[in-house]
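The structure appears below as structure tokens.
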Amino acid sequence: MRKYGRLFILIILVSMVTIDSFGQSNDKIWFDGLARSYYARDAIGENEQVEDTLSAKNVSNGYNLLDLNTHVNPIDDIEIFAQLRIQNTFGGFFGSGTSVNVRQLRVKGVINKSIRFGLGDLFLKQSRYTLYNDDEELSSFENDMFKPYRDIIHYENFYIDNRWRLQGLQSNFSFEFDRGIRTLEFDFFVTRPRGSNAISTTSYSSDQLLSGGTMMSKLTKNLSFESHYINLFEVASSGTSNISVRNPVYLMGLAQQFNNKKHHFKSKIQTGFSQRYWLHSELENNAEDSTSNSSEGLFFEFQNTYLKEDSSIQLVFNYRYVDPNFRSAGAQTRRLDFGKGLPNTIYPTYTNSLIQRPTSVFDLVSDDRLYNQQISSNLMVFNPIYSNALPYGDATPNRSGVDLNARIDSGKKLLHSKLKAGFYREVIGQGTPNKRNFALFKTAIKFNMNECFHWDKELSLSGSYEAESTNRDGDSVSQVGLFSQQVNIAINAEVFPKFFVQLAYKQFNANGNEFLTQRDNYGNINNFVNTHYKQKDHLLSAGLMYKLRDDVYANIQFNSWGTSFNDQPDLNFNYKRLLFVLSVTL
Amino acid sequence: MLKYSLCFIFLLQLGLLYGQDSSLSPTPFTSNAVSHKNPSNSIDFTGFYRFLGFVRNQTETFPNNSGKTTAIVVGDYYREPMFLLKLNGKTKDNISFGADLMMNSLYKGPSDDNLSPLTLNLGLNLKTSIITDLGTFTIQSGGVSWYRQSRLTVWGNQSFNRLSIYDRRPQTPLNKIPINRYAKYYKNGLIDQGIRYGSRAFQGLFLQGLKLPYNLSVKGVIGKSNFNRSFLETSDNFTGCFQIKNELSPSLKMGYNFLSSWADTDSLNIQKRSYVIHTYEFQKKWNKIQFELELGLGRYQSPIEKLGYGEAILANIRTDKTTKIPLHIQLYRISPQFVNVTGNFLNTSVLEVFPNVAGVGSTIRTPYQSPMVGLGAPVNNRQGVSINADASIGKLKLNGGIGIYAEIDTSYAGISYIHNVNSQTLSRIYLFGQNWGPYNSLNSTYRGVFEEVNILDTNTIGQPSFKKYFNTIEFQAKYSNTLFGKNFYIFSLTRLNSCQRQFNILPRLGGQALIQQLSQEIDLSFEVSPKAIVVISYGIEKIIGNEFTDIGDAPEASSTNRFFENIGWERFYHYTRNRNQKNTLIGVGLDYKIAQNTMLFLRHNRYTYFDPNFIENHLKGWETMLELKITF
């Protein structure tokens, strides 16, 4: 009784601490959302190499949708949110092809003006090594021409601000002090990325849960401390398998700021530790629980950031080391899983043999169904031609190296540029003592020519270049040499107010060889497949854009795209597309 | 451990209580996304609740009836919403968006099988207008929208408003008081049947430009109608059209219309079925005369047949309604090569443009075998003229018309006619069915039924060797007065159609007509109180075919008119073994206003559909409908 009494006092004391209140409006119900009209017509392009008399010459599809976000505030500090998706396919009349679904449902609010909470559909992010939804390949240095495609991919897959969409409960609260440490902030969540499902009539998969917590503190005006914990685990008893994964990750970091009137410097050092193993429980003959496929790994990162007062220059320099066995499901899960073998939406098969068409750069740009929303306990399969240096983002295991991120804007908006360069090396070799070396270089420049001529309307030329190189010395069997690069060029001309003519060209080349790793169900490498690449993807686009705002626009564009393979078993393909998108954020 | 925790928390609390006011961290760390309130400018909801309870009891059924003679149904048969919730919103950028949610419930018990999904009545729409120096441009995109352009390109089925208004339609709006529905029809002859009346359903991208230089205006759509569709949804099947109109003066307008419709007909999308139409419109208004002319040229081709080019002429001359006897003369000639399914005329020359693929396009097929139609309903492969006139004698309002039409080329060995009496009742028995009934001659459309008759006089390839000629007379009388201080309205409508092998000025009766159709409908509406109207309807329809049409299966011939047979006036009847149909309807109903925007409608009908020569064509029964409609 005494114990419960103390607990009660503890709770009361915690709840008395004042925390910033969550802003709410007096309006009880309000709406926002998104409406979109989409139409795409694809056609087979000219192709001398391939005879395809079985595929339709053209294919079209389209839809109209309205995502109506209903926000209900029954009391000031509580919000119930439901996203209702109303969709009808283009061509379906009088109810045909119509669907109405609930896309999101959650409640969030503040308890006693102190503790924030969210329950239901949540968008969570911690740090780049614990819970982080890293950008997909070839996307970060892209031009405006393909923004309608990217917008759809991100929206349909709930990619918001590098967060994972998860369903569960989250809560956070903070303290402020005027002596000693300045703040103390806590955040906790428990979510279920995958529920138990029937695999057959007699077997069920287990529930997979992801829980985590954060403690952050501003120790002084310029010094802060953070620690994160996250754990992906399965509840074996919720399914019929007695093997369940455990993947806890621990992180702590210290950041120091140095500021003066014109310059801001920030140094951050963080390190972490991960475990992953499979627990065998409920064994026969009352045997004790055991573990298998256990691995442990750590990481270390030292980051220095410089920011000019007017934000015209930002430089970020990193050194990082990530153990080969560092496993963090929340940070290493990829948006693109090439292991699933998902068919492309556009012309999934080609040639008269009806073979599955390889995924091209255009598919990555345009096909939202290729993307993943599910947290994975194992490393997903990646395609080394698109991303070999950091396929799992900054948390990519078996890497040590340095990189530099820079963003430089000239005065008067004339020039915007950004750059990323990195050099990495494997910590241990894969299948050989020799280690791979990676070099990564990305740059993008946007030149607003209208600023030169003092035109009100925009006339801009933008270009970007991305290249990755992978090398591994060794004998002729184990040698690796892979080089891939992507070039983007785009012109944006505002001919009438808010009305743009756009032209863009994208080319991607990959050349060389790499060993694709094959892993078992527990992520252990069991084979390497030497794969040769020599392919060129092209994408030429021309279009018109009427843009009221960044998230309100009408776009019509023509795409001519394809892939050619040299000395490869795959056959070339060329296609054309006419796209219309009207996207309105309500 | 708990002791230390308590001390720690207490210290923190003290720090907070006695600390100075400082704001260090306005946004403490949260792993969750932070949302901001950013509502759209306005969203409002309109719509209606409409309960329709329906009981039908058949005392005589078709022989293939399952044995179920009584139907108790809740909800409208024709995919109409019980609860329509129309969402209308507008963003900060002045973009309108809307969706019409449709919710139905069968009220058949709590079983999951009876759950009805939430769906859309028509679809989603996005619309915005841009005002520029050149003009005002409107862009609309989305689900089903109702679009109208010109009668030969895009125009809904619209003819003269000569009909019985005893039956209600779901789209019919509620009046302030019930009697207004009948008063308006008496006064104007118009019934508000909603936005869809006179327009066609389209999906796609709509553009409109108004107030353009030189008094020009443009509008157009590229998208899909529910006709001329491919059997694969992903194949190319589009209908695009536009209109450029120039208002040279308030009394003179000219315009150009274009329409193109094409659909891939094979899985590889190599073969196409398409038609293209160009028309020129001219509208001139003199003092009391208005002249409208639309000249068109169309071409149809498909893998099955290439019809080539064909012409169309549609002219309307109207005198002002202020004249003593307002006249409306319509002349038209639409060649069989001029094919269009979205215009204000029936396509009779090509059957394949009706998609008839459930889930892709319309499965409703309008009459296409030489249909006998009313005045103001043009048909292709036909030419003719009609004259309509109005007159008033005190409180008696008369209007009527006569029409003479002829086929341009020989056509199918068949004639179709639309039932004027019991049409809704019959269509409810088999919704949107084709070639149904004991003789496979009935076809259901939206709230209507047409019937096909075979012509036996054909050549060696089964085609008639003669052209068909059609005559139509319509006469309507409307009378209003008061009785015991209460308003009442009487509407009488007589329609006579005939189809024969020779040209005649007037409809042919007797054995000379291949098919003759005579119908008489009388509606009475009596205002019992400002909130209650009693309505009574009587309708009778007679269809007689001659010896060149289908022969019945009855062993003996029947008289075409039992009344004259009984009194022995042989001149007015004859015996036949061909079509000798008689349909009757007697109905009584009540319109009652419960409250503002809330009305109750009750209808009880007794119907017969009978042909003594086709012994299985015998239907008899009654149906009762209770409708409660609440709008908001």
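FYI, nothing fancy with the structure tokens labels: chains A, B, ... in order, residues from 1 per chain, ligands from 1 as they appear.
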
Which residues are close to region 462-467 of chain B, i.e. within 10 Å by only C-alpha atoms, leaving aside same-chain residues fewer than 6 positions away? Reply as a list in words.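 Once the adjacent positions are removed, what remains is Arg382, Ala406, Glu407, Ile408, Asp409, Thr410, Ser411, Tyr412, Ala413, Gly414, Ile455, Leu456, Gln500, Arg501, Gln502 and Phe503 of chain B.
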
Output as number ranges by chain all residues of region 547-632 of chain B that backbone DSSP marks as helix (DSSP H, G or I). B: 562-567, 570-572

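Here the question is which of B:Gly343, B:Gly135, B:Pro110, B:Pro213 gets nearest to Tyr147 (chain B) using only C-alpha atoms, and that residue is B:Gly343.
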
Run DSSP on the backbone and give me the residues of region 171-348 of chain B it puts in strand (DSSP E or B), as number ranges by chain. B: 200-212, 216-225, 237-249, 252-264, 272-285, 289-301, 306-319, 327-334, 346

Provide the CA of Arg106 (chain A) to CA of Thr89 (chain A) distance in Å, to one decimal place. 27.5 Å

If we count only C-alpha atoms and set the cut-off at 9 Å, which residues sit around Asp570 (chain A), ignoring sequence neighbours fewer than 3 positions away in its own chain? Please answer as a VMD selection string. chain A and resid 357 to 358 564 to 567

Residues near region 262-279 of chain A, cut-off 7 Å, only C-alpha atoms, skip fewer than 2 positions along chain, as JSON, numbers by chain: {"A": [243, 244, 245, 246, 247, 248, 249, 250, 251, 252, 253, 254, 255, 256, 257, 258, 259, 260, 281, 289, 290, 291, 292, 293, 294, 295, 296, 297, 298, 299, 300, 301, 302, 303, 304, 305, 306, 307, 308, 309, 326, 327, 328]}

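Comparing the minimum interatomic distances between chain B and each of A:Lys547, A:Gly512, A:Ile385, A:Ser464, counting only C-alpha atoms, we find that A:Lys547 sits nearest.
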